[in-house]
Structures are given as C-alpha cells and as structure tokens.
Amino acid sequence: MRVVFAGTPDFAAAALEAILTAGHAVPLVLTQPDRPAGRGMVLQASPVKQLALQHGVPVHQPLNLKTDEARQAVVEAHPDVMVVAAYGLILPQAALDIPRLGCINIHASLLPRWRGAAPIQRAILAGDRETGVTLMRMEAGLDTGPMLARETLPIEENDSAGTLHDKLAALGARMIVEALPRIERGALREETQPVEGVTYAAKLDKAEAKLDWYRPASDLARAVRAFNPAPGAVTRSQGQIVKIWQATPCPGQGEPGTILRANSEGILIACGEGALSLTELQKSGGKRLSARDFLLGTPLRPGERFEQAS
C-alpha cells in the first residue's frame with residue numbers, strides 16, 4: 001500500500017518504523033515544523049522527521065493543512081491511506097478526503113475514554129487499571145470516528161507515563177501493521193463509538209505538576225508517575241525547587257508537607273490523607289538521585305516542611 005504518514009513524537013515514530021519495516025511504500029511523511037529545544041533552544045527535528053530522513057522519505061512540514069497549497073504534497077503522493085499518530089495538527093475534511101481508503105488514527109486509549117491530547121497521563125492520574133490502543137477512522141470531530149480495532153493493556157502500579165508510553169507505542173505499531181492489509185481488503189468492521197463513557201484528555205498544564213500536600217498521598221503518587229518524564233512533578237524544599245521522580249503512598253499522618261522521616265529508604269512526607277515516601281529526587285540543575293544520595297547533599301530532618309511550588 002501507499003501510506004502517507006502523519007505524526008511527530010516518539011509514539012508516532014514507532015508506528016512509522018513498523019510500517020516501513022513491513023514493506024509498505026511511504027511516499028510522504030507529514031510532521032510538525034522544527035521546534036527550538038534544549039538549553040540552547042536550537043531548532044530540532046521531530047523524531048518522526050529524523051526517522052523519515054534516515055529512510056530517505058520526503059518530509060512535509062506545513063503549519064496547517066487548511067489550504068490547497070499546503071495539501072498539494074499529499075495529493076501528489078497518491079496515497080491509498082493516511083496513517084496518523086500524535087500528529088498534533090487538526091486535519092480538515094479536505095485533507096481527510098484525499099486518500100482513497102481514508103485516514104486511520106492510532107490513539108493511545110480505549111476510546112471513547114480519553115479522547116484528546118494527553119490520554120496516557122490522564123489515565124494514570126485518574127487511577128485507571130487499564131488502557132490500550134484504538135485504531136479509528138478519522139472524521140472532523142476530536143477522536144470521534146468509528147473504531148476499527150481496539151486492544152487493552154494493564155496499567156501496572158509502577159508504570160510512569162514514560163514506561164506506559166513505550167508499551168502503547170509498541171502496541172500501536174503492531175496493530176497498524178496488522179490492520180493495513182485488512183483495511184485494503186475491506187475486512188475490518190467499523191464500530192461506532194458508544195455515547196456512554198466519553199472523557200477528554202486535556203493537554204497537560206505545568207501548573208498541574210505542582211504537588212499540593214493537602215491532597216491524598218495516593219493522588220500525589222499518581223501525579224508523580226503521570227508527570228514522569230515530562231514535565232516532572234515539583235515541590236519546594238529549603239527555598240529550592242525539587243522534582244520528584246519516584247514516590248510511594250504509605251501510612252502516616254501529620255501536618256501536610258511535614259517531613260515525618262528522612263533516611264536511606266525514603267523521605268516520608270505527610271499528606272492530606274496518608275503520607276508519601278519520596279525515593280528519587282532532583283534539585284534544579286542537579287542529577288536525579290536516590291533518597292539516600294539526595295540526603296547526603298541536602299540534609300533533611302523530621303519536622304521540616306515541603307511546600308507547594310509557586
């Protein structure tokens with residue numbers, strides 16, 4: 001099949017790699033424009049662009065696909081199908097109508113739950129026990145199209161957004177490669193998304209990553225996992241911003257934010273309900289450290305307080 005691929009981050013790159021490996025012709029890749037990144041804010045190509053260039057695939061980076069001019073490269077690619085994964089741009093109906101077999105989206109949730117931009121993090125924040133990948137025929141609405149395939153994946157207690165992302169990326173890559181021949185034959189039955197159970201995965205806001213010690217420890221532990229690796233859950237200790245990378249809810253009580261215990265096993269902080277043991281931390285400009293190593297450089301004592309980052 002001739003597959004035009006649209007995607008931007010690592011999640012999408014996994015699917016593109018699988019499609020290329022399966023032997024499909026990819027005449028064009030769409031990805032977002034290069035963005036400044038890193039401390040030097042140097043323009044950086046997306047993971048999808050980097051992979052496409054490695055394979056010699058032409059890359060198109062329009063700001064949007066609203067005009068005939070922006071869509072012309074897609075028209076000239078003569079695609080049988082377009083596969084979309086975390087592209088980050090809304091496709092207008094005129095773009096959806098170009099491939100003869102339509103546009104298929106790889107979405108990292110069990111639709112209709114968690115439509116939108118941040119389904120992996122929202123599933124962890126909500127305490128969901130499972131998630132998965134849905135292949136969906138795209139239409140003008142936000143992740144509203146009919147489903148073609150759907151597979152579940154358990155969310156383990158120690159899953160971060162990073163580890164869950166990698167599992168879902170691999171699952172989505174496998175699913176799309178298995179689905180493409182069946183899409184060509186018209187052998188995949190479309191299922192309308194149910195009206196019940198619709199939720200929206202709003203884009204993450206950095207303000208959400210500021211730990212509020214008046215919340216239950218179980219909520220804060222999920223926040224630490226959901227914001228790992230980005231943007232990282234943050235708090236304030238001794239006037240400095242500290243990122244929390246690993247934490248476990250534990251029994252304990254006290255004034256929220258108060259250190260109950262600080263040793264090599266963890267730094268135990270009282271919460272609105274229960275306590276949270278911090279086991280991996282990072283000061284601004286420093287390295288990620290175990291609680292033991294963190295305490296060697298930053299002594300903390302019971303009774304001192306962690307505060308919400310401003």
# chains A, B, ... in the order shown; residues from 1 in each chain; ligands from 1

call {"tool": "residues_around", "arguments": {"residues": "Leu276 of chain A", "least_positions_apart": "5", "cutoff": "9 Å", "atoms": "only C-alpha atoms", "output": "ChimeraX atom specification"}}
result
/A:216-218,220-221,247-252,267-271

call {"tool": "write_last_selection", "arguments": {"atoms": "C-alpha atoms", "output": "PDB file, in the first residue's frame"}}
result
ATOM      1  CA  PRO A 216      -4.284  12.390  49.439  1.00  0.00           C
ATOM      2  CA  ALA A 217      -0.965  10.579  49.097  1.00  0.00           C
ATOM      3  CA  SER A 218      -2.470   8.181  46.553  1.00  0.00           C
ATOM      4  CA  LEU A 220       0.139  12.589  44.575  1.00  0.00           C
ATOM      5  CA  ALA A 221       1.792   9.249  43.818  1.00  0.00           C
ATOM      6  CA  ALA A 247       7.251   8.138  45.227  1.00  0.00           C
ATOM      7  CA  THR A 248       5.083   5.605  47.054  1.00  0.00           C
ATOM      8  CA  PRO A 249       2.000   6.179  49.230  1.00  0.00           C
ATOM      9  CA  CYS A 250       2.491   4.943  52.801  1.00  0.00           C
ATOM     10  CA  PRO A 251       0.697   5.034  56.160  1.00  0.00           C
ATOM     11  CA  GLY A 252       1.419   8.175  58.149  1.00  0.00           C
ATOM     12  CA  ILE A 267      11.752  10.907  52.679  1.00  0.00           C
ATOM     13  CA  LEU A 268       8.290  10.461  54.170  1.00  0.00           C
ATOM     14  CA  ILE A 269       6.007  13.500  53.779  1.00  0.00           C
ATOM     15  CA  ALA A 270       2.628  13.896  55.486  1.00  0.00           C
ATOM     16  CA  CYS A 271      -0.262  14.495  53.071  1.00  0.00           C
TER      17      CYS A 271
END

call {"tool": "select_by_dssp", "arguments": {"residues": "segment 55-199 of chain A", "states": "strand (DSSP E or B)", "output": "JSON, numbers by chain"}}
result
{"A": [59, 60, 81, 82, 83, 84, 85, 103, 104, 105, 106, 107, 115, 116, 130, 131, 132, 133, 134, 135, 136, 137, 147, 148, 149, 150, 151, 152, 153, 154, 191]}

call {"tool": "residues_around", "arguments": {"residues": "Trp245 of chain A", "least_positions_apart": "6", "cutoff": "8 Å", "atoms": "only C-alpha atoms", "output": "ChimeraX atom specification"}}
result
/A:224-225,228-229,232-233,279-282,288

call {"tool": "write_last_selection", "arguments": {"atoms": "C-alpha atoms", "output": "short mmCIF file (atom, residue, chain, number, x, y, z; two decimals), in the first residue's frame"}}
result
data_model
loop_
_atom_site.label_atom_id
_atom_site.label_comp_id
_atom_site.auth_asym_id
_atom_site.auth_seq_id
_atom_site.Cartn_x
_atom_site.Cartn_y
_atom_site.Cartn_z
CA VAL A 224 4.45 11.74 40.15
CA ARG A 225 4.03 8.81 37.77
CA ASN A 228 7.41 11.38 34.57
CA PRO A 229 9.27 12.07 32.29
CA GLY A 232 8.19 16.29 36.22
CA ALA A 233 6.27 16.68 39.49
CA THR A 279 12.57 7.75 46.77
CA GLU A 280 14.04 9.61 43.76
CA LEU A 281 14.53 13.38 43.70
CA GLN A 282 16.34 16.08 41.73
CA ARG A 288 18.31 12.53 39.63
#

call {"tool": "closest_residue", "arguments": {"among": "A:Ala37, A:Glu76, A:Glu17, A:Leu204", "to": "His55 of chain A", "atoms": "only C-alpha atoms"}}
result
A:Glu17

call {"tool": "closest_residue", "arguments": {"among": "A:Met82, A:Ala226, A:Lys206, A:Met175", "to": "Pro119 of chain A", "atoms": "only C-alpha atoms"}}
result
A:Ala226

call {"tool": "select_by_dssp", "arguments": {"residues": "segment 99-245 of chain A", "states": "helix (DSSP H, G or I)", "output": "ChimeraX atom specification"}}
result
/A:119-125,161-185,206-209,217-226

call {"tool": "atom_distance", "arguments": {"atom1": "atom CA of Asp212 of chain A", "atom2": "atom CA of Arg113 of chain A"}}
result
26.4 Å

call {"tool": "atom_distance", "arguments": {"atom1": "atom CA of Thr144 of chain A", "atom2": "atom CA of Pro231 of chain A"}}
result
28.0 Å

call {"tool": "atom_distance", "arguments": {"atom1": "atom CA of Ala117 of chain A", "atom2": "atom CA of Gln54 of chain A"}}
result
27.5 Å

call {"tool": "residues_around", "arguments": {"residues": "Gly254 of chain A", "least_positions_apart": "6", "cutoff": "12 Å", "atoms": "only C-alpha atoms", "output": "VMD selection string"}}
result
chain A and resid 213 to 214 260 to 261 268 to 276 302 to 305
